[in-house]
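Single-structure report; data block below.
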Amino acid sequence: MTQATHPTAPSAAPRWKQPIVLLFVMAAAMPISFATWSALLNNFVIDVAQFDGSDIGWLHTVREIPGFLAIGVIVLLLLFKEQFLGLLSLLLLGVATAVTAWFPTFGGIMIITLLSSIGFHYYETVNQSLQLQWLPKKDAPRIMGKLLATGSAATLVSYGLIVVLWDPLGLTYNIVYMVAGGVTSVIAIAAMVLFPSFAAPNPQLKKFVLRRRYWLYYVLQFMAGARRQIFVVFAGFMMVERFGFDVHEVTGLFLITLTSNIFIAPLIGRAVGRFGERRTLLFEYCGLVTVFSLYGGIYYFGWGVVIASTLYVIDNLLFAMALALKTYFQKIADPQDIAPTAAVAFTINHIAAVFLPAGLGYLWLISPAAVFGLAASFAAGSFCLALLIPRHPEPGFETIFQRRLMTGAAE
C-alpha cells in the first residue's frame with residue numbers, strides 16, 4: 001500500500017481505488033471462505049470425525065474464543081494501521097480455510113478452526129470500524145445494506161457452485177476448502193498491493209475504551225451475541241441431525257436465503273434510514289422471538305422439514321437487520337472512539353459465545369427445544385431493551401432516559 005490518503009478527500013486516484021470500493025472488495029472476499037466453511041462444516045465434522053451435539057458445541061466454543069479476545073485489536077493497532085490489519089486478518093482466514101480438510105481429527109479441526117476464527121473475528125472488528133469511519137452518517141444505512149447484499153452475492157456464487165458441481169464432479173471437502181480459501185487469500189494480497197493506504201478521518205484512540213453512556217449498545221451487543229450463537233451452532237446442525245440434510249441440500253437452503261438477501265438487504269438499509277434504528281430493531285427482535293419459539297415447536301409437535309426450512313430462511317433475513325445496531329452506535333459515538341469501541345463491542349458480543357455452545361451442547365442432548373426456547377427469551381429481552389433507544393439518537397441522547405432528564409431539568 002502506498003502513502004496514506006484521506007478517505008473523504010478529493011483524489012486523483014482512479015475511482016476503483018477509493019475507500020468505498022475497498023469496502024466492497026472485502027465484503028465480497030470474506031464470505032467466499034467463511035460461508036464455504038460454514039456450509040460444509042456440519043457435514044464435514046459428522047462425516048470425518050463423527051461429531052455429536054456436544055462435540056459441535058465445543059467446536060463453536062473454540063471458534064468464538066478469538067471473538068471474545070477481539071479487544072486485542074487495540075494492541076495490534078499500535079503496530080499496524082487498521083486497513084492493513086483488516087487485510088492481514090482476511091488473508092489468515094483464507095489460508096486457514098484452504099487447509100481445513102488437512103486436519104480430519106477432533107484436535108486438528110479444533111486448531112485450524114481457532115486460526116481461521118482469529119482471521120475472521122479480527123477482520124470483522126476492523127471492517128466494522130472502517131465502515132463507521134469511512135461512511136457518512138446519512139448514507140451509512142443505505143451503503144451498509146449494499147455491502148450486505150454484496151456479501152450475499154459472493155456467498156451465493158460459492159454456494160451455487162457447490163450445489164451444481166458437488167455431485168457431477170465428485171468434489172471433496174479438500175478441493176472445495178482449498179479453492180475457496182485460495183480465492184480469498186489472493187484477493188487479500190491483491191488489495192494490499194493495489195489500494196493506497198487511507199488515513200483515518202479522525203485519529204482513533206489506541207487504548208481500552210468503556211464509556212458509561214454506551215451502556216445500552218454494550219448490552220444489546222451481548223444479547224445479540226448470545227442469540228446469534230444459538231442460531232449459528234444449532235439451527236444448521238438440526239437440519240443435518242434431525243432431517244438428514246446432505247451437503248448440497250444444506251447449501252441449497254443457504255442459496256434461498258442469500259438470493260433473498262441480495263434484494264432485501266438494500267431495502268433494510270433504506271428502512272433503517274427512513275424508520276430509524278429503534279423501530280427496525282423492535283421489528284427484528286419481535287420476529288426472532290416468533291421464529292425461535294417455532295423452532296421449539298418442531299420438537300414438541302413434530303413439524304416437518306418444510307416448516308424448519310422456512311424458519312431457517314426467515315431467521316437469516318431477520319439477522320440482516322442488525323446493521324441498525326451499527327448505525328445506532330455510529331450516531332451516538334465520539335469519532336475517536338469507533339475503533340477501540342468496535343473491539344470492545346466484539347468482545348462483549350462474544351462473552352456468551354465462549355460458554356454457551358459447549359454448555360448448550362449438553363442441554364441439546366436432553367432437550368433441543370429448550371435450547372431454542374432460551375434463544376427466544378434472549379430475543380424478548382432485546383426487544384425490551386430496544387424500547388430505550390431514542391427515535392433520533394445522538395451524543396448525549398443515547399437513551400430515552402436522557403430525554404426524561406432533560407425534560408425534568410427544563411421544568
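Chain labels A, B, ... are given in the sequence in which chains occur in the C-alpha cells; within each chain residues are numbered consecutively from 1, and ligands are likewise numbered from 1 in the order shown.
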
Once you count only C-alpha atoms, what closest atom pair and distance in Å to one decimal does each residue of region 157-252 of chain A within 12 Å of region 256-268 of chain A have, with rows by chain and rising residue number, as CSV?
```
residue,atom,partner,partner_atom,distance
A:Val157,CA,A:Leu258,CA,9.5
A:Ser158,CA,A:Leu258,CA,10.7
A:Tyr159,CA,A:Leu258,CA,9.2
A:Gly160,CA,A:Ile256,CA,10.2
A:Val163,CA,A:Ile256,CA,11.9
A:Glu249,CA,A:Ile256,CA,10.9
A:Val250,CA,A:Ile256,CA,10.3
A:Thr251,CA,A:Ile256,CA,8.9
A:Gly252,CA,A:Ile256,CA,6.6
```

Determine, for each residue of region 303-411 of chain A having at least one atom at most 12 Å from an atom of region 118-124 of chain A, the closest pair of atoms and their separation in Å to one decimal, counting only C-alpha atoms; order by chain and ascending number, as CSV.
```
residue,atom,partner,partner_atom,distance
A:Ala339,CA,A:Glu124,CA,11.6
A:Ala342,CA,A:Glu124,CA,9.3
A:Ala343,CA,A:Tyr122,CA,8.5
A:Val344,CA,A:Tyr122,CA,11.8
A:Ala345,CA,A:Glu124,CA,11.4
A:Phe346,CA,A:His121,CA,8.1
A:Thr347,CA,A:His121,CA,9.7
A:Asn349,CA,A:His121,CA,11.1
A:His350,CA,A:His121,CA,10.0
```

Per residue of region 170-241 of chain A within 12 Å of region 44-47 of chain A, note the shortest atom pair and the distance in Å to one decimal, counting only C-alpha atoms, and order the rows by chain and increasing residue number, as a tab-separated table.
```
residue	atom	partner	partner_atom	distance
A:Thr172	CA	A:Phe44	CA	9.9
A:Tyr173	CA	A:Phe44	CA	7.2
A:Asn174	CA	A:Phe44	CA	10.1
A:Val176	CA	A:Phe44	CA	11.5
A:Tyr177	CA	A:Phe44	CA	10.9
A:Phe237	CA	A:Ile46	CA	9.9
A:Val240	CA	A:Ile46	CA	9.2
A:Glu241	CA	A:Ile46	CA	9.3
```

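Closest approach to Ser117 (chain A) from the set A:Phe68, A:Tyr312, A:Trp58, A:Tyr328 is made by A:Phe68, with distances taken over only C-alpha atoms.
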
Do you have, as a Markdown table, the list of residues of region 178-264 of chain A lying at most 8 Å from region 305-311 of chain A, each with its nearest atom pair and that distance in Å to one decimal, counting only C-alpha atoms and ordered by chain then number?
```
| residue | atom | partner | partner_atom | distance |
| --- | --- | --- | --- | --- |
| A:Met239 | CA | A:Ala308 | CA | 7.8 |
| A:Phe243 | CA | A:Val305 | CA | 6.6 |
| A:Leu253 | CA | A:Ser309 | CA | 7.0 |
```
